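Trainee: I have a structure I would like to understand better, so I am pasting it below and will then ask my questions one at a time.
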Amino acid sequence: MNRIVAVFAMLALGFATMMLVSCGSNELVKFDRSAGLNGGFELMDAGYPVNWAFGPNPESVESFRVSVDTERSVEGSNSLRLISTRDDRTKAFRSQSIPVEPGEEYRIAFSVINEGCSLRVNRVMTNASGMTHFQARTIVDTSESTAGWVRFEEIFTPVQGEAYIFLVFLVDGVGTLWCDDVRVEEHTSQ
C-alpha cells in the first residue's frame, strides 16, 4: 500500500512539474510589483507593459505582435495594441494577480477597440496560495468590430476563500485589438 502511494505521489509530482514548466515556457512576462495593475499601459520594460503576460511569446511567434500605441488611448497617453496576422492559434494577455477581500464589492472595467478579432475576457479567482478554482467566469465574448472605444464593466463580490483576481484576454482571428484603462477597484454604490 505504501509503495502504491509513493508511486502515485511521484507521478503527481512529475505531472505538476511538467505542467509548471510547460505553462511558462512560451510566455513573455515583464514584472514590477511596485507598478500595480498598470491598466493604462504607461509603465514599460523593453517595449512591453509591465505586470502583463503575453502568450504565446510575441517574440517567438510571427503572427502575434504586441506594442504600445501612443496615438489612441482612453486614459493616459498609451494603450496596448495587439495584432494577429494569422488565425493560427489563440493569442492571450493577462494581468498580474490583484488582491481582493471576500464580501467586498469590486468593479472590473476596461475599454477596447476591435478590428476583426474575436475577444473573450475571463475573470479568474484564486485562493491565498494562488490556486485557481479551475473555472473562469467570462465577462466578454464578442467578435463584433467597433468604430471606437467600447467600455465593458462587471461588478462582482469575492466569496470566502477567494483572495486574488486576474484577468485573461483571449484573442482569436486576424485583426487588431486595442485595450486601455483596465481597472479592478472597490466599487462604491452611487
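Ligands are numbered from 1 in the order shown, chains are lettered A, B, ... in the order of the C-alpha cells, and residues start at 1 in each chain.
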Please identify all polymer residues within 6 Å of Leu28 of chain A, counting only C-alpha atoms, omitting same-chain residues fewer than 6 positions from it, and present them as a ChimeraX atom specification.
Mentor: /A:53-54,57
Trainee: The selected residues should be written to file as a PDB file, in the first residue's frame (atoms: N, CA and C atoms).
Mentor:
```pdb
ATOM      1  N   ALA A  53       1.306  39.607 -18.884  1.00  0.00           N
ATOM      2  CA  ALA A  53       1.955  38.460 -19.518  1.00  0.00           C
ATOM      3  C   ALA A  53       1.324  38.243 -20.888  1.00  0.00           C
ATOM      4  N   PHE A  54       2.138  37.852 -21.852  1.00  0.00           N
ATOM      5  CA  PHE A  54       1.677  37.648 -23.218  1.00  0.00           C
ATOM      6  C   PHE A  54       2.031  36.237 -23.663  1.00  0.00           C
ATOM      7  N   ASN A  57       4.643  33.795 -26.563  1.00  0.00           N
ATOM      8  CA  ASN A  57       5.609  34.878 -26.539  1.00  0.00           C
ATOM      9  C   ASN A  57       5.625  35.564 -27.902  1.00  0.00           C
TER      10      ASN A  57
END
```
Trainee: Write out as a list in words which residues come within 8 Å of Thr85 of chain A when counting only C-alpha atoms, dropping same-chain ones fewer than 6 positions away.
Mentor: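 The residues satisfying every condition are Ser63, Phe64, Val174 and Gly175 of chain A.
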Trainee: Give me the residues near Ser129 of chain A as a ChimeraX atom specification, where near means some atom within 10 Å (using only C-alpha atoms) and where sequence neighbours in that chain fewer than 6 positions away do not count.
Mentor: /A:162-164
Trainee: Would you save the residues of that selection, restricted to C-alpha atoms, as an mmCIF file, in the first residue's frame?
Mentor:
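Dumped to again_14.cif:
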```
data_model
loop_
_atom_site.group_PDB
_atom_site.id
_atom_site.type_symbol
_atom_site.label_atom_id
_atom_site.label_comp_id
_atom_site.auth_asym_id
_atom_site.auth_seq_id
_atom_site.Cartn_x
_atom_site.Cartn_y
_atom_site.Cartn_z
ATOM 1 C CA GLU A 162 -11.064 34.000 -2.835
ATOM 2 C CA ALA A 163 -8.037 36.234 -2.249
ATOM 3 C CA TYR A 164 -6.828 37.282 -5.715
#
```
Trainee: Which residue is closest to Val29 of chain A? Choose from A:Glu75, A:Glu153, A:Asp69, A:Asp45 and count only C-alpha atoms.
Mentor: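 Of the candidates, the smallest distance to Val29 of chain A is held by A:Asp45.
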Trainee: So that I can see what lies close to Thr90 of chain A, please list as a list in words the residues with an atom at most 7 Å from it, counting only C-alpha atoms and leaving out residues fewer than 2 positions away in the same chain.
Mentor: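 Within the cut-off, the hits are Ala92, Leu170, Val171 and Asp172 of chain A.
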Trainee: Put those residues in a file: N, CA, C and O atoms, as a tab-separated table (two decimals), in the first residue's frame.
Mentor:
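File produced: out_27.tsv:
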```
chain	number	residue	atom	x	y	z
A	92	ALA	N	-3.03	35.55	-26.21
A	92	ALA	CA	-3.58	35.94	-24.91
A	92	ALA	C	-2.68	36.95	-24.22
A	92	ALA	O	-1.48	37.02	-24.45
A	170	LEU	N	-8.38	36.77	-24.27
A	170	LEU	CA	-8.09	35.78	-25.30
A	170	LEU	C	-8.52	36.33	-26.65
A	170	LEU	O	-9.67	36.76	-26.82
A	171	VAL	N	-7.60	36.32	-27.62
A	171	VAL	CA	-7.84	36.92	-28.92
A	171	VAL	C	-7.67	35.85	-30.00
A	171	VAL	O	-6.65	35.16	-30.05
A	172	ASP	N	-8.70	35.73	-30.86
A	172	ASP	CA	-8.65	34.80	-31.99
A	172	ASP	C	-8.92	35.56	-33.27
A	172	ASP	O	-9.49	36.65	-33.26
```
Trainee: Fewer than 6 positions away in the same chain doesn't count, so skip those; otherwise give me all residues within 10 Å of Pro58 of chain A, counting only C-alpha atoms, as a ChimeraX atom specification.
Mentor: /A:26-28,64-67,82-83,91-92
Trainee: From the DSSP assignment of the backbone, select every residue of chain A that is strand (DSSP E or B), and format the answer as a ChimeraX atom specification.
Mentor: /A:28-30,44-45,48-49,52-55,64-69,79-84,91-95,98-99,106-115,118-126,132,137-142,150-156,164-172,175-186
Trainee: Output C-alpha atoms of each residue in that selection to a file, as a PDB file, in the first residue's frame.
Mentor:
```pdb
ATOM      1  CA  LEU A  28       6.604  36.792 -22.137  1.00  0.00           C
ATOM      2  CA  VAL A  29       6.295  38.494 -18.731  1.00  0.00           C
ATOM      3  CA  LYS A  30       7.642  41.840 -17.522  1.00  0.00           C
ATOM      4  CA  MET A  44       7.195  49.780 -19.889  1.00  0.00           C
ATOM      5  CA  ASP A  45      10.154  47.412 -19.855  1.00  0.00           C
ATOM      6  CA  TYR A  48       6.298  45.737 -23.197  1.00  0.00           C
ATOM      7  CA  PRO A  49       3.932  46.926 -20.452  1.00  0.00           C
ATOM      8  CA  TRP A  52       1.126  41.878 -18.071  1.00  0.00           C
ATOM      9  CA  ALA A  53       1.955  38.460 -19.518  1.00  0.00           C
ATOM     10  CA  PHE A  54       1.677  37.648 -23.218  1.00  0.00           C
ATOM     11  CA  GLY A  55       1.303  34.183 -24.665  1.00  0.00           C
ATOM     12  CA  PHE A  64       1.434  37.895 -32.924  1.00  0.00           C
ATOM     13  CA  ARG A  65       2.682  41.443 -32.423  1.00  0.00           C
ATOM     14  CA  VAL A  66       2.353  43.461 -29.227  1.00  0.00           C
ATOM     15  CA  SER A  67       3.093  47.161 -28.947  1.00  0.00           C
ATOM     16  CA  VAL A  68       2.085  50.275 -27.099  1.00  0.00           C
ATOM     17  CA  ASP A  69       0.086  52.793 -29.128  1.00  0.00           C
ATOM     18  CA  SER A  79      -2.915  51.878 -24.961  1.00  0.00           C
ATOM     19  CA  LEU A  80      -1.993  48.271 -25.658  1.00  0.00           C
ATOM     20  CA  ARG A  81      -2.177  47.184 -29.315  1.00  0.00           C
ATOM     21  CA  LEU A  82      -2.187  43.528 -30.377  1.00  0.00           C
ATOM     22  CA  ILE A  83      -2.013  42.486 -33.995  1.00  0.00           C
ATOM     23  CA  SER A  84      -2.867  38.957 -35.105  1.00  0.00           C
ATOM     24  CA  LYS A  91      -3.241  34.810 -28.514  1.00  0.00           C
ATOM     25  CA  ALA A  92      -3.581  35.941 -24.911  1.00  0.00           C
ATOM     26  CA  PHE A  93      -2.566  38.554 -22.411  1.00  0.00           C
ATOM     27  CA  ARG A  94      -3.261  38.526 -18.692  1.00  0.00           C
ATOM     28  CA  SER A  95      -2.900  40.813 -15.734  1.00  0.00           C
ATOM     29  CA  ILE A  98      -4.685  41.619  -7.694  1.00  0.00           C
ATOM     30  CA  PRO A  99      -5.633  41.161  -4.024  1.00  0.00           C
ATOM     31  CA  TYR A 106     -15.462  45.284  -6.831  1.00  0.00           C
ATOM     32  CA  ARG A 107     -15.749  46.751 -10.300  1.00  0.00           C
ATOM     33  CA  ILE A 108     -13.823  45.429 -13.287  1.00  0.00           C
ATOM     34  CA  ALA A 109     -13.711  47.841 -16.219  1.00  0.00           C
ATOM     35  CA  PHE A 110     -11.758  48.112 -19.454  1.00  0.00           C
ATOM     36  CA  SER A 111     -12.054  49.687 -22.899  1.00  0.00           C
ATOM     37  CA  VAL A 112     -11.294  48.101 -26.269  1.00  0.00           C
ATOM     38  CA  ILE A 113     -11.289  48.867 -29.975  1.00  0.00           C
ATOM     39  CA  ASN A 114     -11.694  45.724 -32.048  1.00  0.00           C
ATOM     40  CA  GLU A 115     -10.900  45.482 -35.758  1.00  0.00           C
ATOM     41  CA  SER A 118     -12.791  37.591 -31.587  1.00  0.00           C
ATOM     42  CA  LEU A 119     -12.307  38.618 -27.949  1.00  0.00           C
ATOM     43  CA  ARG A 120     -13.086  36.692 -24.799  1.00  0.00           C
ATOM     44  CA  VAL A 121     -12.202  38.143 -21.392  1.00  0.00           C
ATOM     45  CA  ASN A 122     -12.232  35.888 -18.343  1.00  0.00           C
ATOM     46  CA  ARG A 123     -12.110  36.713 -14.645  1.00  0.00           C
ATOM     47  CA  VAL A 124     -10.157  34.102 -12.681  1.00  0.00           C
ATOM     48  CA  MET A 125     -10.221  33.945  -8.882  1.00  0.00           C
ATOM     49  CA  THR A 126      -7.547  32.266  -6.756  1.00  0.00           C
ATOM     50  CA  THR A 132      -7.441  28.707  -9.034  1.00  0.00           C
ATOM     51  CA  ARG A 137     -16.079  33.460 -15.500  1.00  0.00           C
ATOM     52  CA  THR A 138     -16.429  35.031 -18.932  1.00  0.00           C
ATOM     53  CA  ILE A 139     -17.008  38.796 -18.753  1.00  0.00           C
ATOM     54  CA  VAL A 140     -16.956  39.495 -22.507  1.00  0.00           C
ATOM     55  CA  ASP A 141     -17.328  37.219 -25.523  1.00  0.00           C
ATOM     56  CA  THR A 142     -17.572  39.156 -28.790  1.00  0.00           C
ATOM     57  CA  VAL A 150     -16.190  50.438 -26.171  1.00  0.00           C
ATOM     58  CA  ARG A 151     -16.293  50.170 -22.364  1.00  0.00           C
ATOM     59  CA  PHE A 152     -17.053  46.892 -20.565  1.00  0.00           C
ATOM     60  CA  GLU A 153     -17.772  46.621 -16.844  1.00  0.00           C
ATOM     61  CA  GLU A 154     -18.664  43.960 -14.305  1.00  0.00           C
ATOM     62  CA  ILE A 155     -19.481  44.229 -10.614  1.00  0.00           C
ATOM     63  CA  PHE A 156     -18.557  41.189  -8.524  1.00  0.00           C
ATOM     64  CA  TYR A 164      -6.828  37.282  -5.715  1.00  0.00           C
ATOM     65  CA  ILE A 165      -8.205  38.007  -9.163  1.00  0.00           C
ATOM     66  CA  PHE A 166      -6.538  38.151 -12.541  1.00  0.00           C
ATOM     67  CA  LEU A 167      -7.956  38.942 -15.966  1.00  0.00           C
ATOM     68  CA  VAL A 168      -7.255  36.905 -19.093  1.00  0.00           C
ATOM     69  CA  PHE A 169      -7.876  38.424 -22.537  1.00  0.00           C
ATOM     70  CA  LEU A 170      -8.093  35.775 -25.299  1.00  0.00           C
ATOM     71  CA  VAL A 171      -7.835  36.921 -28.919  1.00  0.00           C
ATOM     72  CA  ASP A 172      -8.646  34.798 -31.991  1.00  0.00           C
ATOM     73  CA  GLY A 175      -7.112  41.725 -36.896  1.00  0.00           C
ATOM     74  CA  THR A 176      -6.058  44.357 -34.396  1.00  0.00           C
ATOM     75  CA  LEU A 177      -7.216  44.880 -30.824  1.00  0.00           C
ATOM     76  CA  TRP A 178      -6.519  47.900 -28.632  1.00  0.00           C
ATOM     77  CA  CYS A 179      -7.054  47.802 -24.874  1.00  0.00           C
ATOM     78  CA  ASP A 180      -6.836  50.598 -22.306  1.00  0.00           C
ATOM     79  CA  ASP A 181      -7.949  51.799 -18.883  1.00  0.00           C
ATOM     80  CA  VAL A 182      -8.135  48.338 -17.293  1.00  0.00           C
ATOM     81  CA  ARG A 183      -9.327  48.627 -13.694  1.00  0.00           C
ATOM     82  CA  VAL A 184     -10.095  46.351 -10.777  1.00  0.00           C
ATOM     83  CA  GLU A 185     -11.218  48.548  -7.904  1.00  0.00           C
ATOM     84  CA  GLU A 186     -13.511  48.599  -4.908  1.00  0.00           C
TER      85      GLU A 186
END
```
Trainee: Give me, as a list in words, the residues of chain A that a backbone DSSP run labels alpha helix (DSSP H).
Mentor: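 In chain A, DSSP puts these residues in alpha helix (DSSP H): Asn2, Arg3, Ile4, Val5, Ala6, Val7, Phe8, Ala9, Met10, Leu11, Ala12, Leu13, Gly14, Phe15, Ala16, Thr17, Met18, Met19, Leu20, Val21, Ser22, Cys23 and Gly24 of chain A.
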